[in-house]
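Step one of this worksheet: look at the structure below.
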Amino acid sequence: MIINQDTLNFLLYDVFQAEALTELDAYKDHDRSTFDGVIDTSLKIAQDYFLPHNAKADANEPSFDGESVSTIPEVKEAWKHFTEAGLINARHRFDEGGMQLPALVHSACMGLFTGANPSTAGYPFLTSAASNLIHAFGSETQKSLYLDGMFSGRFAGTMALTEPNVGSSLGDLTTKATPQDDGSYRLKGQKMYISGGDQDITENIIHLVLARVEEAPQGVKGISLFICPKFLLNDDGSLGKRNDVMLAGLLHKMGYRGTTSTVLNFGEKDDCTAFLIGEEGKGLSYMFKMMNEARIGVGLGAAMIGYRGYLESLAFAKDRPQGRKPSNRDTTSAPVNIVEHADVKRMLLAQKVYVEGSLALCLFASKLVDEHEAGGDENALVLLDLLTPVVKSYPSTYGCKANELAIQVLGGSGYIREYPVEQCYRDNRLNPIHEGTHGIQSLDLLGRKLWQKQGLGQQLLMQRVQATLARVKKHERLADLAEQYSTALKTFIETTTALGMALQQGRIDEALANSALYLDVMGRMVVGWLWLDMACAALESDRDEAFVSGKLQAARYFIRWELPEINHLSELLKGFDQTCAEMEVDWF
Ligand SMILES: Cc1cc2nc3c(=O)[nH]c(=O)nc-3n(C[C@H](O)[C@H](O)[C@H](O)COP(=O)(O)OP(=O)(O)OC[C@H]3O[C@@H](n4cnc5c(N)ncnc54)[C@H](O)[C@@H]3O)c2cc1C
C-alpha cells in the first residue's frame, strides 16, 4: 500500500479545504469529483505501473556499455502511462493543454508516484521541472520547439547544476559558455550527479545547464541558464544532429538506483551547442524561482517514502506473532502480534507523526503556492519562502528516521532485501543531500529567510499559529496540548530573537554556527502546529471514532515527545554554544 486514502482525503478536504480552491477563478472549472478523478487515476497508474518494478529497478541498476545506457523495460512502460495521462503538464492552463490543477491536488498525485517507486518517478518529475523552467522563462520559439515534446513524453529533461568540484557553492561553477555569431553558445565543462542525464526511455533529452559566459563576473551574478539538447532539433521539431554532450559514465548509488546518475561531458569536441534562456547572468535566479516547488517535491518524496515504510511496518506488526505481554507468565498461552507491544507501538506512533506531519507540511506549502498563484496573495509567497527550507528538510530528516524505525519494527526481516523497508531507507537517504543539503538549508533559513522583508514571514507564520491556538480553545480535549505548545512557542520566539540580535550585531559566524539545530527546532514547531490543526480538524469532522482518536493520540505524542526536544536545542542556540565551531581541525 502506498497511502492511507482516508488520511489523504482528510488532509486534502478537511484540513486544507481543497474544495474551497474551486472558488478561485483559475480553478472554477474543477470540483471535488475532478480532483478525486485525477487522484484516482494517479493512484491506479502508480500501483499498476510504478510499484510492481520498484524492487526490480533497485536490483537491476541501469548499465552503460560504452555506447548506450540500458534500463529495465518497465521504466519506459511507466513513463508512457504517466505522460499519456497528461501528468507532466497537469498544472498548466487548459488552453496550453494542461489540466489547470491546483498545486495542492497536484502534489497529492505526485506523492503517490514517489511512494510507489521514487527512482522511476524521478524521470517524469525532472522533466516537469525542466519544462516548467522553459515555460516560465524561455522565449516563444524555445517554448514552441521544446515543450510539446516534453509534455507528450517524447523528450525528457534534466537539471544540470552540479560539477565535480562544485556542489553546494554553485557560485563557483566553471562550465563555460562562449557566444556564437548565430546567437547560440558553445558549452565546455563537466557536470556530475546529473539524474536522468542519459537513458533509453525517450528519443531526446533536454538538459538545462548552468554555465558561466566568458568574461562574466565571478559568483552567482555570472551564471546563465542554457537549453542543451542531446539531439539538436530542426525547425520543424524533428531530431537533427547529435550534440556534443556525452556520457562519461554512470554513478552507482546507495538508493534511487533506477534513476541514472551521470557524469556528462559538454563540448569534448568543442561542438556542444546550447541556447540561452532569458538573460545572461540571471541563470541562478531563474533556477531558484522554480526551486520552491522543486523543494516541496523533495520534501513530499521523503514524506511518501517514509509513509510507505510506515504502512509496510504496520501491516507486518499486525501479522507477526511474537512474545507475550510482560505481565503474562503463561508460556502455554498464544503469543500476541508484535503490534500489541508498547515498544513497537512507540516505533509505529513515531513513524505516524513523522510521515503524516511531513505530508501535511508539504500539502500546506502547496496550498500556499495556490494562494499566491491563483489567489494573488503575495503574503502566501512570503510565508512559503520562509518555510521552504523546513518543507525540504523536516521530511527529509524524519522520513529517513521513520524508515529506520520501520526496519526496526520488522526485526531481522527489516534488514533483508526480501522486504521493502530497507530499500525505502536507502532511497530516502538521498533527500537530506540533494536540492541543497540539510546544512545549506539551515544557513539559508537562519542567515537569510527569517529576516527578509523585515521578518514579515515570521509574523505571517505567527498569525497562522495564533489562529490555530484560538481554534484549539474550543476543544476541551486539546487544552493541555495547547498549553504545552504555547510554552514551547515562547522558547522558540526567545531563541529566534536572540539569534536575530546577534546577527544584527555582526556576530555572524557565532550565530550561524548551530544553524542546523535551529532548522530542527523550527521544523518541530511548524509540524507541532500542524498536528494541533489536524487534531482540531479531526474533532470537527464526522469521521469515525478510531480515525479521530488516532489523530488525537498522534498529536498528543508529537506535543509530549517530539516538541520538548526544542528545550535542549534552544539552550545550545541561545547560549551560542561554540563547541563544534571551536573544535580545531588538528584535534580530530
Ligand atoms: C543521487 C543524486 C542525484 C543528484 N541529482 C542531481 C541533478 O539531477 N542535478 C544536479 O545538478 N545535481 C544533482 N545532485 C547533486 C546534489 O545536488 C549535490 O550532491 C548536493 O548539492 C551537495 O553537493 P556536493 O555533493 O558537492 O557536496 P558538498 O557541497 O561538497 O557538501 C559536502 C558537505 O559539506 C557541507 N557544506 C558545504 N558547504 C558548506 C557551507 N558553506 N557551510 C556549511 N556546510 C557546508 C554540506 O552540507 C555537506 O554536508 C545529485 C546528487 C545525488 C547524490
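Ligands are numbered from 1 in the order shown, chains are lettered A, B, ... in the order of the C-alpha cells, and residues start at 1 in each chain.
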
Per DSSP on the backbone, what are the strand (DSSP E or B) residues of stretch 187-278 of chain A, as a ChimeraX atom specification?
-> /A:187-195,204-213,223-229,231-233,239-242,245-250,261-266,273-277

Serialized selection, C-alpha atoms, as an mmCIF file, in the first residue's frame:
data_model
loop_
_atom_site.group_PDB
_atom_site.id
_atom_site.type_symbol
_atom_site.label_atom_id
_atom_site.label_comp_id
_atom_site.auth_asym_id
_atom_site.auth_seq_id
_atom_site.Cartn_x
_atom_site.Cartn_y
_atom_site.Cartn_z
ATOM 1 C CA LEU A 187 29.391 24.864 -23.802
ATOM 2 C CA LYS A 188 32.502 23.319 -22.319
ATOM 3 C CA GLY A 189 32.736 21.613 -18.961
ATOM 4 C CA GLN A 190 31.756 18.623 -16.882
ATOM 5 C CA LYS A 191 28.639 18.076 -14.810
ATOM 6 C CA MET A 192 28.290 15.383 -12.169
ATOM 7 C CA TYR A 193 25.427 13.503 -10.489
ATOM 8 C CA ILE A 194 23.027 14.569 -13.246
ATOM 9 C CA SER A 195 19.891 12.476 -12.758
ATOM 10 C CA ASN A 204 15.719 13.075 -26.821
ATOM 11 C CA ILE A 205 16.918 14.628 -23.564
ATOM 12 C CA ILE A 206 16.705 18.358 -22.935
ATOM 13 C CA HIS A 207 19.415 19.344 -20.468
ATOM 14 C CA LEU A 208 19.039 22.623 -18.621
ATOM 15 C CA VAL A 209 22.589 23.635 -17.833
ATOM 16 C CA LEU A 210 24.049 26.321 -15.608
ATOM 17 C CA ALA A 211 27.216 27.806 -17.083
ATOM 18 C CA ARG A 212 29.309 30.947 -16.994
ATOM 19 C CA VAL A 213 29.556 33.088 -20.106
ATOM 20 C CA ILE A 223 25.790 32.363 -14.080
ATOM 21 C CA SER A 224 23.439 31.827 -17.006
ATOM 22 C CA LEU A 225 20.958 29.099 -17.870
ATOM 23 C CA PHE A 226 21.042 27.153 -21.139
ATOM 24 C CA ILE A 227 18.992 24.631 -23.054
ATOM 25 C CA CYS A 228 21.318 21.940 -24.333
ATOM 26 C CA PRO A 229 19.524 19.103 -26.144
ATOM 27 C CA PHE A 231 19.922 15.873 -30.255
ATOM 28 C CA LEU A 232 19.578 19.347 -31.751
ATOM 29 C CA LEU A 233 16.117 19.986 -33.142
ATOM 30 C CA LEU A 239 15.554 15.357 -34.406
ATOM 31 C CA GLY A 240 18.693 16.764 -36.007
ATOM 32 C CA LYS A 241 22.403 16.388 -35.347
ATOM 33 C CA ARG A 242 23.730 14.580 -32.246
ATOM 34 C CA VAL A 245 27.114 16.235 -24.789
ATOM 35 C CA MET A 246 28.447 12.823 -23.892
ATOM 36 C CA LEU A 247 28.007 10.387 -21.061
ATOM 37 C CA ALA A 248 31.358 9.947 -19.312
ATOM 38 C CA GLY A 249 29.947 7.292 -17.004
ATOM 39 C CA LEU A 250 27.220 6.199 -14.618
ATOM 40 C CA SER A 261 23.105 9.217 -12.193
ATOM 41 C CA THR A 262 25.509 10.527 -14.746
ATOM 42 C CA VAL A 263 28.747 12.350 -15.324
ATOM 43 C CA LEU A 264 28.269 14.379 -18.506
ATOM 44 C CA ASN A 265 30.953 15.962 -20.654
ATOM 45 C CA PHE A 266 29.838 19.066 -22.516
ATOM 46 C CA THR A 273 25.521 23.825 -28.917
ATOM 47 C CA ALA A 274 23.300 25.457 -26.329
ATOM 48 C CA PHE A 275 20.703 28.201 -26.212
ATOM 49 C CA LEU A 276 20.443 30.899 -23.578
ATOM 50 C CA ILE A 277 17.230 31.064 -21.533
#

Using only C-alpha atoms and all ligand atoms, which residues of chain A come within 9 Å of ligand 1, and what is the closest atom pair for each, with the distance in Å to one decimal? Give it as a tab-separated table, sorted by chain and residue number.
residue	atom	partner	partner_atom_place_in_ligand_line	distance
A:Leu126	CA	ligand 1	8 (O)	7.6
A:Thr158	CA	ligand 1	8 (O)	6.2
A:Met159	CA	ligand 1	9 (N)	4.9
A:Ala160	CA	ligand 1	11 (O)	4.1
A:Leu161	CA	ligand 1	11 (O)	3.4
A:Thr162	CA	ligand 1	11 (O)	3.9
A:Glu163	CA	ligand 1	11 (O)	7.4
A:Pro164	CA	ligand 1	26 (O)	7.0
A:Asn165	CA	ligand 1	26 (O)	6.6
A:Val166	CA	ligand 1	26 (O)	5.4
A:Gly167	CA	ligand 1	26 (O)	3.1
A:Ser168	CA	ligand 1	29 (O)	3.6
A:Ser169	CA	ligand 1	29 (O)	6.2
A:Leu170	CA	ligand 1	21 (O)	8.5
A:Lys191	CA	ligand 1	11 (O)	7.3
A:Met192	CA	ligand 1	12 (N)	6.7
A:Tyr193	CA	ligand 1	50 (C)	4.6
A:Ile194	CA	ligand 1	8 (O)	3.9
A:Ser195	CA	ligand 1	8 (O)	3.8
A:Gly196	CA	ligand 1	8 (O)	7.0
A:Gly197	CA	ligand 1	8 (O)	7.6
A:Val209	CA	ligand 1	11 (O)	8.3
A:Leu210	CA	ligand 1	11 (O)	8.6
A:Leu251	CA	ligand 1	1 (C)	8.5
A:His252	CA	ligand 1	1 (C)	8.8
A:Lys253	CA	ligand 1	1 (C)	6.6
A:Met254	CA	ligand 1	1 (C)	8.3
A:Gly255	CA	ligand 1	1 (C)	7.6
A:Tyr256	CA	ligand 1	1 (C)	6.6
A:Arg257	CA	ligand 1	1 (C)	8.2
A:Thr259	CA	ligand 1	1 (C)	8.2
A:Thr260	CA	ligand 1	1 (C)	8.6
A:Ser261	CA	ligand 1	3 (C)	6.2
A:Thr262	CA	ligand 1	8 (O)	8.5
A:Leu430	CA	ligand 1	1 (C)	6.1
A:Asn431	CA	ligand 1	1 (C)	8.7
A:Ile433	CA	ligand 1	20 (C)	5.5
A:His434	CA	ligand 1	17 (O)	3.8
A:Glu435	CA	ligand 1	17 (O)	4.8
A:Gly436	CA	ligand 1	21 (O)	4.8
A:Thr437	CA	ligand 1	47 (O)	4.8
A:His438	CA	ligand 1	47 (O)	5.9
A:Gly439	CA	ligand 1	47 (O)	4.2
A:Ile440	CA	ligand 1	47 (O)	5.3
A:Gln441	CA	ligand 1	47 (O)	8.3
A:Ser442	CA	ligand 1	43 (C)	8.9
A:Leu443	CA	ligand 1	42 (N)	7.3
A:Ala513	CA	ligand 1	43 (C)	8.8

Looking only at alpha helix (DSSP H) from DSSP on the backbone, list the matching residues of stretch 257-330 of chain A as a PyMOL selection string.
-> chain A and resi 283-319

Quick one: residues within 10 Å of A:Ala482, only C-alpha atoms counted, chain neighbours fewer than 3 positions away excluded, as a list in words?
-> Thr468, Leu469, Ala470, Arg471, Val472, Lys473, His475, Glu476, Arg477, Leu478, Ala479, Tyr485, Ser486, Thr487, Ala488, Trp529, Leu532 and Ile559 of chain A

I'd like the contact shell of A:Thr120 - 7 Å cut-off, only C-alpha atoms, skipping same-chain residues fewer than 2 positions apart - returned as a PDB file with C-alpha atoms, in the first residue's frame.
ATOM      1  CA  PHE A  50       5.334   2.057 -10.804  1.00  0.00           C
ATOM      2  CA  VAL A  75      10.555   2.061 -16.585  1.00  0.00           C
ATOM      3  CA  ASN A 117       8.690   3.993  -6.932  1.00  0.00           C
ATOM      4  CA  PRO A 118      10.869   7.038  -6.334  1.00  0.00           C
ATOM      5  CA  GLY A 122      12.471  10.738 -10.986  1.00  0.00           C
ATOM      6  CA  TYR A 123      12.345  10.811 -14.806  1.00  0.00           C
ATOM      7  CA  GLY A 258      16.613   3.010 -11.063  1.00  0.00           C
ATOM      8  CA  THR A 259      17.350   6.653 -11.967  1.00  0.00           C
TER       9      THR A 259
END

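Considering only C-alpha atoms, the residue among A:Gly411, A:Gly575, A:Gly500, A:Pro389 positioned nearest to A:Ala516 is A:Pro389.
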
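Each of A:Cys272, A:Ala317, A:Leu359, A:Leu133 was checked against A:Ala342 using only C-alpha atoms; the smallest atom-to-atom distance is that of A:Ala317.
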
Using only C-alpha atoms: which of A:Leu456, A:Val353, A:Val336, A:Ile134 has the shortest distance to A:Asn379 | A:Leu456

Might you pull out every residue within 9 Å of A:Gly171, with only C-alpha atoms counted and same-chain residues fewer than 5 positions away left off, and present them as a list in words?
-> Val166, Gln218, Gly219, Val220, Lys221, Gly222, Ile223 and Leu284 of chain A

For atom CA of A:Leu573 and atom CA of A:Val355, the interatomic separation in Å (one decimal) |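 Taking atom CA of A:Leu573 as the start and atom CA of A:Val355 as the end point, the length is 26.7 Å.
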
Near A:Val526, counting only C-alpha atoms, which residues have an atom at most 10 Å away, once you skip same-chain residues fewer than 6 positions from it, shown as number ranges by chain?
-> A: 357, 361, 387, 390-391, 394, 461, 465, 520

Set out as a Markdown table a contact list for stretch 329-367 of chain A and stretch 15-36 of chain A with a cut-off of 10 Å, giving each residue of stretch 329-367 of chain A that qualifies its closest atom pair and distance in Å to one decimal, counting only C-alpha atoms, ordered by chain and rising residue number.
| residue | atom | partner | partner_atom | distance |
| --- | --- | --- | --- | --- |
| A:Ala360 | CA | A:Val15 | CA | 8.6 |
| A:Leu363 | CA | A:Phe16 | CA | 7.8 |
| A:Phe364 | CA | A:Phe16 | CA | 7.0 |
| A:Lys367 | CA | A:Phe16 | CA | 7.5 |

Let's have the selection written as a JSON list (two decimals), in the first residue's frame, with N, CA and C atoms.
[["chain", "number", "residue", "atom", "x", "y", "z"],
["A", 360, "ALA", "N", 1.49, 16.60, 5.69],
["A", 360, "ALA", "CA", 0.68, 17.80, 5.94],
["A", 360, "ALA", "C", 1.49, 19.06, 5.63],
["A", 363, "LEU", "N", 1.77, 19.50, 1.86],
["A", 363, "LEU", "CA", 0.49, 19.92, 1.27],
["A", 363, "LEU", "C", 0.18, 21.36, 1.65],
["A", 364, "PHE", "N", 0.53, 21.74, 2.87],
["A", 364, "PHE", "CA", 0.32, 23.14, 3.27],
["A", 364, "PHE", "C", 1.15, 24.07, 2.36],
["A", 367, "LYS", "N", -0.45, 24.41, -0.88],
["A", 367, "LYS", "CA", -1.62, 25.30, -0.82],
["A", 367, "LYS", "C", -1.18, 26.77, -0.84]]

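Comparing the minimum interatomic distances between A:Ala511 and each of A:Glu540, A:Asp65, A:Asp577, A:Glu268, counting only C-alpha atoms, we find that A:Asp577 sits nearest.
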
Which one of A:Thr491, A:Ser333, A:Asn292, A:Gln423 sits closest to A:Lys392 if you count only C-alpha atoms?
->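 Counting only C-alpha atoms, the residue closest to A:Lys392 is A:Asn292.
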